[in-house]
>>> print(open('structure22.pdb').read())   # PDB, C-alpha atoms
MODEL        1
ATOM      1  CA  MET A 356     135.184  92.426  57.628
ATOM      2  CA  GLY A 357     131.674  91.816  56.282
ATOM      3  CA  HIS A 358     128.688  93.835  57.372
ATOM      4  CA  ARG A 359     126.695  92.201  60.169
ATOM      5  CA  PRO A 360     122.990  92.106  59.190
ATOM      6  CA  GLU A 361     120.596  93.820  61.559
ATOM      7  CA  LEU A 362     118.261  91.611  63.556
ATOM      8  CA  PRO A 363     114.618  91.610  62.442
ATOM      9  CA  PRO A 364     112.607  94.108  64.540
ATOM     10  CA  HIS A 365     110.579  91.353  66.217
ATOM     11  CA  LEU A 366     113.790  89.680  67.481
ATOM     12  CA  ALA A 367     115.925  92.736  68.197
ATOM     13  CA  MET A 368     114.996  93.211  71.858
ATOM     14  CA  ARG A 369     113.989  89.809  73.218
ATOM     15  CA  SER A 370     115.140  86.230  73.637
ATOM     16  CA  PHE A 371     114.482  83.788  70.814
ATOM     17  CA  THR A 372     115.273  80.205  69.811
ATOM     18  CA  ARG A 373     117.584  79.318  66.932
ATOM     19  CA  SER A 374     114.598  77.885  65.087
ATOM     20  CA  GLU A 375     112.731  81.164  65.463
ATOM     21  CA  GLY A 376     115.809  83.038  64.305
ATOM     22  CA  ALA A 377     116.073  80.837  61.214
ATOM     23  CA  ARG A 378     112.426  81.484  60.400
ATOM     24  CA  GLY A 379     113.221  85.188  60.707
ATOM     25  CA  GLY A 380     115.958  84.880  58.085
ATOM     26  CA  LEU A 381     119.013  84.645  60.352
ATOM     27  CA  THR A 382     121.856  82.426  59.197
ATOM     28  CA  ILE A 383     123.797  80.075  61.457
ATOM     29  CA  SER A 384     126.806  82.386  61.335
ATOM     30  CA  ARG A 385     124.650  85.400  62.219
ATOM     31  CA  MET A 386     123.341  83.598  65.286
ATOM     32  CA  ARG A 387     126.947  82.987  66.348
ATOM     33  CA  ALA A 388     127.775  86.689  66.275
ATOM     34  CA  LYS A 389     129.137  88.358  69.393
ATOM     35  CA  ASP A 390     126.143  90.671  69.763
ATOM     36  CA  LEU A 391     124.024  87.664  70.770
ATOM     37  CA  TYR A 392     124.323  86.119  74.222
ATOM     38  CA  VAL A 393     123.725  82.373  74.688
ATOM     39  CA  PRO A 394     122.075  81.773  78.107
ATOM     40  CA  SER A 395     121.343  78.151  77.195
ATOM     41  CA  ARG A 396     121.805  76.032  74.089
ATOM     42  CA  GLU A 397     119.489  76.886  71.189
ATOM     43  CA  ILE A 398     118.552  80.231  72.795
ATOM     44  CA  ARG A 399     119.849  83.658  71.827
ATOM     45  CA  VAL A 400     119.498  87.028  73.553
ATOM     46  CA  PRO A 401     120.487  90.338  71.911
ATOM     47  CA  LEU A 402     123.042  92.113  74.085
ATOM     48  CA  GLY A 403     121.444  95.009  75.922
ATOM     49  CA  ALA A 404     117.910  93.703  75.430
ATOM     50  CA  GLN A 405     115.510  95.235  77.958
ATOM     51  CA  GLN A 406     112.844  92.556  77.998
ATOM     52  CA  SER A 407     110.061  91.382  80.247
ATOM     53  CA  TYR A 408     110.355  88.223  82.302
ATOM     54  CA  ARG A 409     107.776  86.623  80.011
ATOM     55  CA  ASP A 410     109.910  87.288  76.940
ATOM     56  CA  ARG A 411     112.986  85.940  78.737
ATOM     57  CA  VAL A 412     111.450  82.582  79.680
ATOM     58  CA  ARG A 413     109.200  82.000  76.670
ATOM     59  CA  PRO A 414     111.921  80.368  74.475
ATOM     60  CA  TYR A 415     112.502  77.652  77.083
ATOM     61  CA  THR A 416     109.027  76.319  76.274
ATOM     62  CA  GLU A 417     109.629  76.412  72.494
ATOM     63  CA  LEU A 418     112.422  73.869  72.175
ATOM     64  CA  GLY A 419     110.404  71.053  70.626
ATOM     65  CA  VAL A 420     109.600  69.217  73.870
ATOM     66  CA  GLU A 421     106.772  69.605  76.385
ATOM     67  CA  ASN A 422     108.017  72.035  79.027
ATOM     68  CA  TYR A 423     106.038  74.027  81.580
ATOM     69  CA  ILE A 424     107.337  77.050  83.451
ATOM     70  CA  SER A 425     106.960  76.115  87.128
ATOM     71  CA  HIS A 426     107.902  76.806  90.749
ATOM     72  CA  THR A 427     109.309  80.298  91.405
ATOM     73  CA  SER A 428     109.424  81.068  87.670
ATOM     74  CA  ALA A 429     105.695  80.352  87.383
ATOM     75  CA  ALA A 430     105.077  82.442  90.491
ATOM     76  CA  ILE A 431     106.684  85.443  88.780
ATOM     77  CA  LEU A 432     104.470  84.978  85.711
ATOM     78  CA  HIS A 433     101.366  84.742  87.915
ATOM     79  CA  GLY A 434     102.415  87.729  90.038
ATOM     80  CA  ILE A 435     102.587  85.662  93.228
ATOM     81  CA  PRO A 436     104.680  87.550  95.816
ATOM     82  CA  MET A 437     107.913  85.975  96.995
ATOM     83  CA  PRO A 438     111.063  87.144  98.775
ATOM     84  CA  TYR A 439     113.414  89.214  96.617
ATOM     85  CA  VAL A 440     116.021  86.446  96.412
ATOM     86  CA  HIS A 441     113.572  84.215  94.516
ATOM     87  CA  GLU A 442     112.212  86.979  92.295
ATOM     88  CA  GLN A 443     115.746  87.835  91.132
ATOM     89  CA  ALA A 444     116.984  84.269  90.564
ATOM     90  CA  ARG A 445     118.363  83.745  87.056
ATOM     91  CA  SER A 446     117.621  80.025  86.750
ATOM     92  CA  VAL A 447     114.373  79.139  84.973
ATOM     93  CA  HIS A 448     112.303  76.341  86.530
ATOM     94  CA  LEU A 449     110.994  73.898  83.915
ATOM     95  CA  THR A 450     108.755  70.911  84.586
ATOM     96  CA  ARG A 451     108.167  68.029  82.187
ATOM     97  CA  PRO A 452     105.449  65.369  82.522
ATOM     98  CA  ALA A 453     106.171  62.076  84.261
ATOM     99  CA  GLY A 454     107.654  59.493  81.913
ATOM    100  CA  THR A 455     109.980  61.981  80.229
ATOM    101  CA  MET A 456     113.523  63.122  80.956
ATOM    102  CA  ILE A 457     114.172  65.868  83.499
ATOM    103  CA  PRO A 458     115.274  69.049  81.695
ATOM    104  CA  ARG A 459     119.045  69.400  82.000
ATOM    105  CA  ARG A 460     120.576  72.493  80.470
ATOM    106  CA  LYS A 461     122.450  75.642  81.401
ATOM    107  CA  GLY A 462     120.275  78.214  83.137
ATOM    108  CA  VAL A 463     117.521  75.721  83.979
ATOM    109  CA  THR A 464     116.377  74.014  87.169
ATOM    110  CA  GLY A 465     114.610  70.917  85.899
ATOM    111  CA  HIS A 466     111.739  68.934  87.386
ATOM    112  CA  LYS A 467     109.586  65.973  86.401
ATOM    113  CA  ARG A 468     106.000  65.805  87.652
ATOM    114  CA  ALA A 469     102.739  63.994  86.953
ATOM    115  CA  LEU A 470     100.701  67.037  85.938
ATOM    116  CA  SER A 471      97.010  66.757  85.160
ATOM    117  CA  PRO A 472      95.513  68.982  82.428
ATOM    118  CA  GLU A 473      93.834  70.985  85.211
ATOM    119  CA  GLU A 474      97.274  71.849  86.629
ATOM    120  CA  CYS A 475      98.506  73.468  83.418
ATOM    121  CA  THR A 476      97.507  76.752  81.829
ATOM    122  CA  LEU A 477      98.799  79.506  79.531
ATOM    123  CA  VAL A 478     100.031  82.980  80.439
ATOM    124  CA  ASP A 479     100.281  85.052  77.257
ATOM    125  CA  GLY A 480     100.659  81.802  75.349
ATOM    126  CA  ILE A 481     103.396  80.459  77.643
ATOM    127  CA  PRO A 482     102.756  76.965  79.096
ATOM    128  CA  VAL A 483     102.864  77.320  82.871
ATOM    129  CA  THR A 484     101.600  75.523  85.947
ATOM    130  CA  THR A 485      98.362  76.910  87.372
ATOM    131  CA  PRO A 486      98.432  79.237  90.391
ATOM    132  CA  ALA A 487      97.268  76.415  92.681
ATOM    133  CA  ARG A 488      99.876  73.958  91.384
ATOM    134  CA  THR A 489     102.511  76.670  91.584
ATOM    135  CA  LEU A 490     101.674  77.270  95.241
ATOM    136  CA  LEU A 491     102.012  73.546  95.925
ATOM    137  CA  ASP A 492     105.439  73.504  94.263
ATOM    138  CA  LEU A 493     106.475  76.578  96.254
ATOM    139  CA  SER A 494     105.685  74.739  99.487
ATOM    140  CA  ALA A 495     109.011  72.906  99.206
ATOM    141  CA  ILE A 496     110.913  76.178  98.672
ATOM    142  CA  LEU A 497     109.349  78.911 100.814
ATOM    143  CA  THR A 498     109.078  79.197 104.577
ATOM    144  CA  LEU A 499     105.629  78.776 106.091
ATOM    145  CA  GLY A 500     105.180  82.520 106.536
ATOM    146  CA  GLU A 501     106.231  83.206 102.944
ATOM    147  CA  LEU A 502     103.866  80.499 101.704
ATOM    148  CA  VAL A 503     100.948  81.951 103.671
ATOM    149  CA  ALA A 504     101.637  85.344 102.073
ATOM    150  CA  ALA A 505     101.525  83.696  98.641
ATOM    151  CA  ALA A 506      98.270  81.908  99.505
ATOM    152  CA  ASP A 507      96.753  85.125 100.886
ATOM    153  CA  HIS A 508      97.527  86.778  97.543
ATOM    154  CA  LEU A 509      95.794  84.032  95.564
ATOM    155  CA  ILE A 510      92.587  84.026  97.607
ATOM    156  CA  CYS A 511      92.320  87.787  98.211
ATOM    157  CA  GLU A 512      88.928  89.218  97.342
ATOM    158  CA  HIS A 513      86.890  92.139  98.605
ATOM    159  CA  ASP A 514      84.259  94.654  97.557
ATOM    160  CA  ARG A 515      85.084  98.144  98.796
ATOM    161  CA  ASP A 516      83.146 101.288  98.027
ATOM    162  CA  PHE A 517      86.294 103.268  97.181
ATOM    163  CA  GLU A 518      87.846 100.917  94.613
ATOM    164  CA  ALA A 519      86.977  98.281  92.033
ATOM    165  CA  PRO A 520      86.033  94.853  93.425
ATOM    166  CA  LYS A 521      88.930  92.420  93.734
ATOM    167  CA  ILE A 522      88.277  88.884  92.507
ATOM    168  CA  ALA A 523      90.208  85.942  93.926
ATOM    169  CA  ILE A 524      92.666  84.239  91.577
ATOM    170  CA  VAL A 525      91.718  80.976  93.310
ATOM    171  CA  THR A 526      88.905  80.731  95.837
ATOM    172  CA  ALA A 527      89.881  79.760  99.367
ATOM    173  CA  ALA A 528      87.603  76.720  99.205
ATOM    174  CA  GLY A 529      89.029  75.675  95.849
ATOM    175  CA  LEU A 530      92.626  76.012  97.032
ATOM    176  CA  ARG A 531      91.958  74.039 100.218
ATOM    177  CA  ALA A 532      90.252  71.271  98.238
ATOM    178  CA  TYR A 533      93.147  71.094  95.781
ATOM    179  CA  ILE A 534      95.794  70.802  98.510
ATOM    180  CA  ALA A 535      93.652  68.267 100.403
ATOM    181  CA  SER A 536      93.547  66.070  97.280
ATOM    182  CA  LYS A 537      97.342  65.619  97.203
ATOM    183  CA  ARG A 538      99.447  62.851  98.716
ATOM    184  CA  PHE A 539     103.170  62.096  99.064
ATOM    185  CA  ILE A 540     104.437  65.399  97.667
ATOM    186  CA  ARG A 541     107.520  67.136  99.024
ATOM    187  CA  GLY A 542     106.491  70.171 101.041
ATOM    188  CA  LEU A 543     102.862  69.054 101.359
ATOM    189  CA  GLY A 544     102.900  69.517 105.142
ATOM    190  CA  ASN A 545     103.948  73.122 104.640
ATOM    191  CA  ALA A 546     101.091  73.631 102.180
ATOM    192  CA  GLN A 547      98.576  72.037 104.545
ATOM    193  CA  ALA A 548      99.711  74.312 107.365
ATOM    194  CA  ALA A 549      99.381  77.337 105.077
ATOM    195  CA  MET A 550      95.775  76.390 104.323
ATOM    196  CA  GLU A 551      95.005  76.704 108.028
ATOM    197  CA  LEU A 552      96.705  80.089 108.337
ATOM    198  CA  MET A 553      95.659  81.870 105.136
ATOM    199  CA  ARG A 554      92.854  84.435 105.275
ATOM    200  CA  VAL A 555      90.703  86.180 102.670
ATOM    201  CA  GLY A 556      91.139  89.942 102.309
ATOM    202  CA  VAL A 557      94.883  90.409 102.832
ATOM    203  CA  ASP A 558      96.361  92.867 100.333
ATOM    204  CA  SER A 559     100.121  92.469 100.800
ATOM    205  CA  PRO A 560     102.846  90.232 102.290
ATOM    206  CA  PRO A 561     103.598  92.756 105.085
ATOM    207  CA  GLU A 562      99.934  92.508 106.151
ATOM    208  CA  THR A 563     100.283  88.723 106.253
ATOM    209  CA  ARG A 564     103.447  88.993 108.324
ATOM    210  CA  LEU A 565     101.738  91.419 110.711
ATOM    211  CA  ARG A 566      98.746  89.122 111.199
ATOM    212  CA  LEU A 567     100.906  86.064 111.808
ATOM    213  CA  LEU A 568     103.193  87.769 114.311
ATOM    214  CA  LEU A 569     100.170  88.928 116.345
ATOM    215  CA  GLN A 570      98.910  85.359 116.342
ATOM    216  CA  ARG A 571     102.290  83.999 117.477
ATOM    217  CA  ALA A 572     102.365  86.603 120.264
ATOM    218  CA  GLY A 573      99.238  85.045 121.781
ATOM    219  CA  LEU A 574      97.095  88.162 121.412
ATOM    220  CA  PRO A 575      93.317  88.060 120.915
ATOM    221  CA  GLU A 576      92.437  87.179 117.323
ATOM    222  CA  PHE A 577      92.634  89.869 114.668
ATOM    223  CA  THR A 578      90.476  89.167 111.631
ATOM    224  CA  THR A 579      90.588  90.382 108.029
ATOM    225  CA  ASN A 580      87.772  91.811 105.901
ATOM    226  CA  HIS A 581      86.081  93.316 108.976
ATOM    227  CA  ARG A 582      83.680  96.189 108.389
ATOM    228  CA  ILE A 583      83.204  99.066 110.852
ATOM    229  CA  PRO A 584      79.900 100.691 109.847
ATOM    230  CA  GLY A 585      78.933 104.283 110.546
ATOM    231  CA  ALA A 586      75.724 106.268 110.449
ATOM    232  CA  PRO A 587      73.551 106.023 107.319
ATOM    233  CA  GLY A 588      75.362 107.671 104.435
ATOM    234  CA  GLU A 589      78.797 107.453 106.063
ATOM    235  CA  ARG A 590      81.587 105.419 104.504
ATOM    236  CA  THR A 591      82.348 102.059 106.104
ATOM    237  CA  VAL A 592      85.833 101.686 107.596
ATOM    238  CA  LEU A 593      87.687  98.590 106.387
ATOM    239  CA  PRO A 594      90.825  98.075 108.502
ATOM    240  CA  ASP A 595      93.577  95.657 107.544
ATOM    241  CA  LEU A 596      93.096  93.799 110.843
ATOM    242  CA  ALA A 597      90.409  94.072 113.500
ATOM    243  CA  CYS A 598      89.789  92.686 116.979
ATOM    244  CA  GLU A 599      86.071  93.327 117.376
ATOM    245  CA  GLU A 600      85.938  92.176 121.004
ATOM    246  CA  PHE A 601      88.174  95.044 122.159
ATOM    247  CA  ARG A 602      87.546  97.443 119.251
ATOM    248  CA  VAL A 603      91.211  97.622 118.293
ATOM    249  CA  CYS A 604      92.276  97.618 114.654
ATOM    250  CA  GLY A 605      95.575  97.653 112.804
ATOM    251  CA  GLU A 606      96.779  99.268 109.590
ATOM    252  CA  TYR A 607     100.024  98.528 107.780
ATOM    253  CA  GLU A 608     101.183 101.755 106.136
ATOM    254  CA  GLY A 609     103.396 100.806 103.195
ATOM    255  CA  GLU A 610     104.825 103.031 100.484
ATOM    256  CA  VAL A 611     101.477 103.198  98.685
ATOM    257  CA  HIS A 612     100.262 105.367 101.570
ATOM    258  CA  LEU A 613     102.841 108.106 100.910
ATOM    259  CA  THR A 614     101.050 109.932  98.080
ATOM    260  CA  PRO A 615      99.149 113.143  98.963
ATOM    261  CA  GLU A 616      95.874 111.586  97.800
ATOM    262  CA  LYS A 617      96.347 108.483  99.935
ATOM    263  CA  GLN A 618      97.411 110.513 102.956
ATOM    264  CA  LEU A 619      94.197 112.538 102.714
ATOM    265  CA  PHE A 620      92.165 109.333 102.412
ATOM    266  CA  ASP A 621      93.973 107.827 105.409
ATOM    267  CA  ARG A 622      93.430 110.927 107.547
ATOM    268  CA  ASN A 623      89.680 110.796 106.918
ATOM    269  CA  ARG A 624      89.671 107.050 107.608
ATOM    270  CA  ASP A 625      91.527 107.584 110.882
ATOM    271  CA  MET A 626      88.998 110.200 111.989
ATOM    272  CA  ARG A 627      86.055 107.902 111.203
ATOM    273  CA  THR A 628      87.724 105.017 113.038
ATOM    274  CA  ALA A 629      88.216 107.065 116.211
ATOM    275  CA  ALA A 630      84.709 108.533 116.034
ATOM    276  CA  ARG A 631      83.271 105.015 116.056
ATOM    277  CA  GLY A 632      85.062 104.089 119.268
ATOM    278  CA  TRP A 633      87.906 102.069 117.808
ATOM    279  CA  LEU A 634      91.573 102.411 118.720
ATOM    280  CA  GLN A 635      93.798 102.184 115.672
ATOM    281  CA  VAL A 636      97.400 100.966 115.623
ATOM    282  CA  LYS A 637      99.377 102.106 112.578
ATOM    283  CA  VAL A 638     102.413 100.015 111.702
ATOM    284  CA  PHE A 639     105.186 101.239 109.423
ATOM    285  CA  LYS A 640     108.091  99.494 107.734
ATOM    286  CA  LYS A 641     110.469 100.800 110.399
ATOM    287  CA  ASP A 642     108.286  99.214 113.087
ATOM    288  CA  MET A 643     108.496  95.843 111.357
ATOM    289  CA  GLN A 644     112.264  96.212 111.096
ATOM    290  CA  ARG A 645     112.483  96.651 114.876
ATOM    291  CA  GLY A 646     111.156  93.125 115.291
ATOM    292  CA  ASP A 647     108.093  91.113 116.233
ATOM    293  CA  ALA A 648     108.289  91.924 119.939
ATOM    294  CA  TRP A 649     108.176  95.660 119.250
ATOM    295  CA  VAL A 650     105.136  95.407 116.969
ATOM    296  CA  ALA A 651     103.296  92.984 119.261
ATOM    297  CA  GLY A 652     103.931  95.396 122.136
ATOM    298  CA  MET A 653     102.187  98.192 120.233
ATOM    299  CA  PHE A 654      99.053  96.071 119.908
ATOM    300  CA  ARG A 655      99.316  94.705 123.442
ATOM    301  CA  GLU A 656      99.270  98.243 124.821
ATOM    302  CA  ALA A 657      96.265  99.200 122.676
ATOM    303  CA  LEU A 658      94.341  96.100 123.733
ATOM    304  CA  ARG A 659      94.975  96.799 127.417
ATOM    305  CA  GLU A 660      93.807 100.380 126.938
ATOM    306  CA  HIS A 661      90.535  98.991 125.602
ATOM    307  CA  GLY A 662      89.942  96.501 128.389
ATOM    308  CA  TRP A 663      91.969  93.416 127.593
ATOM    309  CA  ASN A 664      93.363  91.697 130.669
ATOM    310  CA  PRO A 665      95.846  88.970 129.726
ATOM    311  CA  GLY A 666      95.776  87.590 133.289
TER     312      GLY A 666
ENDMDL
END
>>> encode(input="structure22.pdb", output="structure tokens")
Amino acid sequence: MGHRPELPPHLAMRSFTRSEGARGGLTISRMRAKDLYVPSREIRVPLGAQQSYRDRVRPYTELGVENYISHTSAAILHGIPMPYVHEQARSVHLTRPAGTMIPRRKGVTGHKRALSPEECTLVDGIPVTTPARTLLDLSAILTLGELVAAADHLICEHDRDFEAPKIAIVTAAGLRAYIASKRFIRGLGNAQAAMELMRVGVDSPPETRLRLLLQRAGLPEFTTNHRIPGAPGERTVLPDLACEEFRVCGEYEGEVHLTPEKQLFDRNRDMRTAARGWLQVKVFKKDMQRGDAWVAGMFREALREHGWNPG
């Protein structure tokens, strides 16, 4: 049995096309070897390759035709949060311009769209739909709540004295204008509804879910990006959610809050919040797992304690 040549270092741990392999000196027989997996025609993956999602999908855009990574695949490249089932899907979403053939190949979910140049961009050299276009495409896949969480992520921006400023990926005004410009697109109603529900300043999908469940429960409005000032020289408190009328605020305590440094920061924040006359409701993952009614009840009790009378 002949010796199997080693793969070139730049191809040894990532997906590549047959054309790229040939340019790297690989013969046809070498690219048929059993140590290379074939996820889709013309694409090879070294067995055991531990590669990034970008390296996995890049070859699908290098097959000699105009393909754009789109839908949930584009969302992963842009870092847009989605439910686990979509983040772990193996199929790659590819979109081709109108007037061409829909991509049809193993491992691919194909689409055909009329994409303007403004709806296409590059992520590390990979052709991909823009964040705004990606959100529009997701509107036919995600539930309304999931879509609002994705929109909240795109428009999130804030300037806090304890961390670097966060700049929006897409401004809220820009995203609303983009969605408003569309007609006759599947899922558009979902996207339009999400534009009404999204808010600037939400840091995570659980915070979005918390805000929406309080709204559905018919409680007084809780806003984002609210600032609770203190005396001159004291740090401003920036709760996840705040009802200024009744001075009740909410914090979602995810896993990021479990480090010793964060716990110390949170303790000092909690003390400042109470000293300024606000009642704070802290919500944990276990609370959310108990259901909407349980969480809404926590806030309902706090609001009543601070003077709310639902009638």
>>> closest_atom_pairs(input="structure22.pdb", of="segment 425-444 of chain A", to="segment 471-478 of chain A", cutoff="10 Å", atoms="all atoms listed in the file", output="CSV")
residue,atom,partner,partner_atom,distance
A:Ser425,CA,A:Cys475,CA,9.6
A:Ala429,CA,A:Val478,CA,9.3
A:Leu432,CA,A:Val478,CA,7.2
A:His433,CA,A:Val478,CA,7.8
>>> residues_near_point(input="structure22.pdb", point="(101.7, 82.9, 99.3)", cutoff="12 Å", atoms="only C-alpha atoms", output="JSON, numbers by chain")
{"A": [427, 430, 431, 433, 434, 435, 436, 437, 438, 486, 487, 489, 490, 491, 492, 493, 494, 496, 497, 498, 499, 500, 501, 502, 503, 504, 505, 506, 507, 508, 509, 510, 511, 524, 525, 530, 545, 546, 548, 549, 550, 552, 553, 554, 555, 557, 558, 559, 560, 561, 562, 563, 564]}
>>> residues_near_point(input="structure22.pdb", point="(103.1, 82.8, 76.1)", cutoff="10 Å", atoms="all atoms listed in the file", output="PDB file with C-alpha atoms, keeping the file's coordinate frame")
ATOM      1  CA  ARG A 409     107.776  86.623  80.011  1.00  0.00           C
ATOM      2  CA  ASP A 410     109.910  87.288  76.940  1.00  0.00           C
ATOM      3  CA  VAL A 412     111.450  82.582  79.680  1.00  0.00           C
ATOM      4  CA  ARG A 413     109.200  82.000  76.670  1.00  0.00           C
ATOM      5  CA  PRO A 414     111.921  80.368  74.475  1.00  0.00           C
ATOM      6  CA  THR A 416     109.027  76.319  76.274  1.00  0.00           C
ATOM      7  CA  GLU A 417     109.629  76.412  72.494  1.00  0.00           C
ATOM      8  CA  LEU A 432     104.470  84.978  85.711  1.00  0.00           C
ATOM      9  CA  LEU A 477      98.799  79.506  79.531  1.00  0.00           C
ATOM     10  CA  VAL A 478     100.031  82.980  80.439  1.00  0.00           C
ATOM     11  CA  ASP A 479     100.281  85.052  77.257  1.00  0.00           C
ATOM     12  CA  GLY A 480     100.659  81.802  75.349  1.00  0.00           C
ATOM     13  CA  ILE A 481     103.396  80.459  77.643  1.00  0.00           C
ATOM     14  CA  PRO A 482     102.756  76.965  79.096  1.00  0.00           C
ATOM     15  CA  VAL A 483     102.864  77.320  82.871  1.00  0.00           C
TER      16      VAL A 483
END
>>> residues_around(input="structure22.pdb", residues="segment 584-588 of chain A", least_positions_apart="6", cutoff="12 Å", atoms="only C-alpha atoms", output="PyMOL selection string")
chain A and resi 516+594+624+626-633
>>> closest_residue(input="structure22.pdb", among="A:Gly465, A:Thr382, A:Arg582, A:Val393", to="Ser428 of chain A", atoms="all atoms listed in the file")
A:Gly465
>>> residues_around(input="structure22.pdb", residues="Gly380 of chain A", least_positions_apart="5", cutoff="12 Å", atoms="only C-alpha atoms", output="list in words")
Pro360, Glu361, Leu362, Pro363, Pro364, His365, Leu366, Arg373, Ser374, Glu375, Arg385 and Met386 of chain A
>>> closest_residue(input="structure22.pdb", among="A:Gln635, A:Glu600, A:Leu574, A:Lys640", to="Gly662 of chain A", atoms="only C-alpha atoms")
A:Glu600
>>> resolve_selection(input="structure22.pdb", expression="the PyMOL selection byres ((chain A and resi 421) around 10)", output="list in words")
Tyr415, Thr416, Glu417, Leu418, Gly419, Val420, Asn422, Tyr423, Leu449, Thr450, Arg451, Pro452, Thr455 and Pro482 of chain A
>>> atom_distance(input="structure22.pdb", atom1="atom CA of Gly605 of chain A", atom2="atom CA of Pro575 of chain A")
12.8 Å
>>> atom_distance(input="structure22.pdb", atom1="atom CA of Gly544 of chain A", atom2="atom CA of Cys598 of chain A")
29.1 Å
>>> resolve_selection(input="structure22.pdb", expression="the PyMOL selection byres ((chain A and resi 579) around 6)", output="list in words")
Gly556, Thr578, Asn580, His581 and Leu596 of chain A
>>> write_last_selection(input="structure22.pdb", atoms="C-alpha atoms", output="PDB file, in the frame of the given file")
ATOM      1  CA  GLY A 556      91.139  89.942 102.309  1.00  0.00           C
ATOM      2  CA  THR A 578      90.476  89.167 111.631  1.00  0.00           C
ATOM      3  CA  ASN A 580      87.772  91.811 105.901  1.00  0.00           C
ATOM      4  CA  HIS A 581      86.081  93.316 108.976  1.00  0.00           C
ATOM      5  CA  LEU A 596      93.096  93.799 110.843  1.00  0.00           C
TER       6      LEU A 596
END
>>> resolve_selection(input="structure22.pdb", expression="the PyMOL selection byres ((chain A and resi 650) around 10)", output="list in words")
Leu565, Leu568, Leu569, Ala572, Val636, Lys637, Val638, Phe639, Asp642, Met643, Gln644, Arg645, Gly646, Asp647, Ala648, Trp649, Ala651, Gly652, Met653, Phe654 and Arg655 of chain A
>>> atom_distance(input="structure22.pdb", atom1="atom CA of Thr372 of chain A", atom2="atom CA of Arg445 of chain A")
17.9 Å
>>> closest_residue(input="structure22.pdb", among="A:Ile398, A:Leu613, A:Ala388, A:Ala469", to="Gly376 of chain A", atoms="all atoms listed in the file")
A:Ile398
